[in-house]
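Shown here: start_38.cif, mmCIF, C-alpha atoms.
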```cif
data_coords
#
loop_
_atom_site.label_atom_id
_atom_site.label_comp_id
_atom_site.auth_asym_id
_atom_site.auth_seq_id
_atom_site.Cartn_x
_atom_site.Cartn_y
_atom_site.Cartn_z
CA MET N 55 93.65 78.76 108.52
CA LYS N 56 92.85 78.49 104.82
CA ARG N 57 90.48 81.05 103.35
CA GLU N 58 87.86 80.19 100.79
CA PRO N 59 87.87 82.05 97.46
CA ASP N 60 86.80 85.66 97.93
CA GLU N 61 83.19 86.30 97.01
CA VAL N 62 82.17 89.75 95.75
CA MET N 63 78.80 91.06 96.92
CA SER N 64 76.50 93.87 95.85
CA ILE N 65 74.76 96.32 98.19
CA GLY N 66 71.63 94.14 98.24
CA GLU N 67 73.56 90.94 98.91
CA LEU N 68 75.60 92.57 101.66
CA ALA N 69 72.53 94.10 103.32
CA GLU N 70 70.97 90.64 103.43
CA TYR N 71 74.23 89.09 104.71
CA LEU N 72 74.54 91.67 107.51
CA LYS N 73 70.77 91.70 108.16
CA ILE N 74 70.56 95.48 107.94
CA SER N 75 68.63 97.80 105.65
CA ARG N 76 70.11 99.06 102.41
CA SER N 77 69.81 102.65 103.69
CA THR N 78 71.87 101.80 106.80
CA LEU N 79 74.43 100.10 104.59
CA TYR N 80 74.67 103.13 102.28
CA LYS N 81 75.18 105.34 105.36
CA LEU N 82 78.05 103.15 106.62
CA VAL N 83 79.66 103.21 103.17
CA GLN N 84 79.32 106.98 102.79
CA GLU N 85 80.88 107.49 106.23
CA GLY N 86 83.83 105.31 105.21
CA ARG N 87 83.16 102.84 108.01
CA LEU N 88 82.76 99.81 105.76
CA PRO N 89 85.35 98.39 103.33
CA GLY N 90 84.08 98.54 99.77
CA GLN N 91 84.82 99.75 96.27
CA LYS N 92 82.71 101.74 93.88
CA LEU N 93 82.90 100.39 90.34
CA GLY N 94 81.17 102.85 88.08
CA LYS N 95 77.87 103.62 89.81
CA ARG N 96 77.76 100.39 91.82
CA TRP N 97 79.32 99.40 95.12
CA ARG N 98 81.04 96.03 95.49
CA PHE N 99 82.27 94.35 98.66
CA HIS N 100 84.70 91.49 99.20
CA LYS N 101 83.19 89.02 101.65
CA ASN N 102 86.58 88.29 103.25
CA ALA N 103 87.10 92.02 103.94
CA ILE N 104 83.61 92.27 105.44
CA ASP N 105 84.23 89.22 107.64
CA ASP N 106 87.50 90.79 108.85
CA TRP N 107 85.66 94.08 109.52
CA LEU N 108 83.04 92.23 111.58
CA LYS N 109 85.76 90.74 113.80
CA GLN N 110 87.00 94.20 114.83
CA PRO N 111 85.61 95.78 118.01
CA PRO N 112 82.91 98.39 117.35
CA GLU N 113 84.19 101.95 117.03
CA ASN N 114 81.91 103.37 119.71
CA THR N 115 82.86 101.04 122.57
CA ARG N 116 85.17 102.03 125.39
CA PRO N 117 87.49 99.65 127.23
CA GLU N 118 86.14 98.56 130.60
CA ALA N 119 87.86 100.01 133.67
#
```

So that I can check it, write out the structure of this file as structure tokens.
Amino acid sequence: MKREPDEVMSIGELAEYLKISRSTLYKLVQEGRLPGQKLGKRWRFHKNAIDDWLKQPPENTRPEA
């Protein structure tokens, strides 16, 4: 499967993309649960990395018996 060129998003753009608040997004970033890079004082996120992260099972789920 061919990937499209990687888009880089800001905190605001990513919050809108994920449909979550900026404060929730900052919490995920500070906990190291979201792939991103801090450039100077600003966070940047690669859309492809976020899409890959979304495909992973949530951390707090347990396998069914």

Revision key, fill the gap. Separating CA of Glu61 (chain N) from CA of Phe99 (chain N), to the nearest tenth of an Å, is a gap of 8.3 Å

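What the PyMOL selection byres ((chain N and resi 77-91) around 9) picks from this file is Ile65, Leu68, Ala69, Leu72, Ile74, Ser75, Arg76, Lys92, Leu93, Arg96, Trp97, Arg98, Phe99, His100, Ala103, Ile104 and Trp107 of chain N.
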
Written file, previous selection with C-alpha atoms, as a PDB file, in the frame of the given file:
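What follows is the written file selection_30.pdb:
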```
ATOM      1  CA  ILE N  65      74.760  96.320  98.190  1.00  0.00           C
ATOM      2  CA  LEU N  68      75.600  92.570 101.660  1.00  0.00           C
ATOM      3  CA  ALA N  69      72.530  94.100 103.320  1.00  0.00           C
ATOM      4  CA  LEU N  72      74.540  91.670 107.510  1.00  0.00           C
ATOM      5  CA  ILE N  74      70.560  95.480 107.940  1.00  0.00           C
ATOM      6  CA  SER N  75      68.630  97.800 105.650  1.00  0.00           C
ATOM      7  CA  ARG N  76      70.110  99.060 102.410  1.00  0.00           C
ATOM      8  CA  LYS N  92      82.710 101.740  93.880  1.00  0.00           C
ATOM      9  CA  LEU N  93      82.900 100.390  90.340  1.00  0.00           C
ATOM     10  CA  ARG N  96      77.760 100.390  91.820  1.00  0.00           C
ATOM     11  CA  TRP N  97      79.320  99.400  95.120  1.00  0.00           C
ATOM     12  CA  ARG N  98      81.040  96.030  95.490  1.00  0.00           C
ATOM     13  CA  PHE N  99      82.270  94.350  98.660  1.00  0.00           C
ATOM     14  CA  HIS N 100      84.700  91.490  99.200  1.00  0.00           C
ATOM     15  CA  ALA N 103      87.100  92.020 103.940  1.00  0.00           C
ATOM     16  CA  ILE N 104      83.610  92.270 105.440  1.00  0.00           C
ATOM     17  CA  TRP N 107      85.660  94.080 109.520  1.00  0.00           C
TER      18      TRP N 107
END
```

To box region 88-102 of chain N, take all atoms listed in the file, fit an axis-aligned box, add 3 Å on each side, and give centre and edge lengths in Å to one decimal, as lines of an AutoDock Vina configuration file.
```
center_x = 82.2
center_y = 96.0
center_z = 96.9
size_x = 14.8
size_y = 21.3
size_z = 23.7
```

**Study point:** Near-Asp60 (chain N) list (7 Å; only C-alpha atoms; drop same-chain fewer than 2 positions) as a ChimeraX atom specification
**Key:** /N:58,62,100-102

Kindly complete region 69-80 of chain N to N, CA and C atoms; the output should be written as a short mmCIF file (atom, residue, chain, number, x, y, z; two decimals), keeping the file's coordinate frame.
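Printed below is out09.cif as written:
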```cif
data_model
loop_
_atom_site.label_atom_id
_atom_site.label_comp_id
_atom_site.auth_asym_id
_atom_site.auth_seq_id
_atom_site.Cartn_x
_atom_site.Cartn_y
_atom_site.Cartn_z
N ALA N 69 73.58 93.73 102.36
CA ALA N 69 72.53 94.10 103.32
C ALA N 69 71.85 92.85 103.87
N GLU N 70 71.58 91.90 103.00
CA GLU N 70 70.97 90.64 103.43
C GLU N 70 71.94 89.86 104.32
N TYR N 71 73.21 89.81 103.95
CA TYR N 71 74.23 89.09 104.71
C TYR N 71 74.37 89.67 106.12
N LEU N 72 74.38 91.01 106.22
CA LEU N 72 74.54 91.67 107.51
C LEU N 72 73.23 91.83 108.27
N LYS N 73 72.11 91.55 107.58
CA LYS N 73 70.77 91.70 108.16
C LYS N 73 70.51 93.14 108.61
N ILE N 74 70.85 94.07 107.71
CA ILE N 74 70.56 95.48 107.94
C ILE N 74 69.90 96.03 106.68
N SER N 75 69.28 97.20 106.81
CA SER N 75 68.63 97.80 105.65
C SER N 75 69.66 98.35 104.67
N ARG N 76 69.23 98.49 103.43
CA ARG N 76 70.11 99.06 102.41
C ARG N 76 70.48 100.50 102.77
N SER N 77 69.52 101.25 103.34
CA SER N 77 69.81 102.65 103.69
C SER N 77 70.87 102.73 104.79
N THR N 78 70.83 101.84 105.77
CA THR N 78 71.87 101.80 106.80
C THR N 78 73.21 101.45 106.19
N LEU N 79 73.20 100.51 105.27
CA LEU N 79 74.43 100.10 104.59
C LEU N 79 75.03 101.25 103.79
N TYR N 80 74.18 101.97 103.04
CA TYR N 80 74.67 103.13 102.28
C TYR N 80 75.28 104.17 103.22
#
```
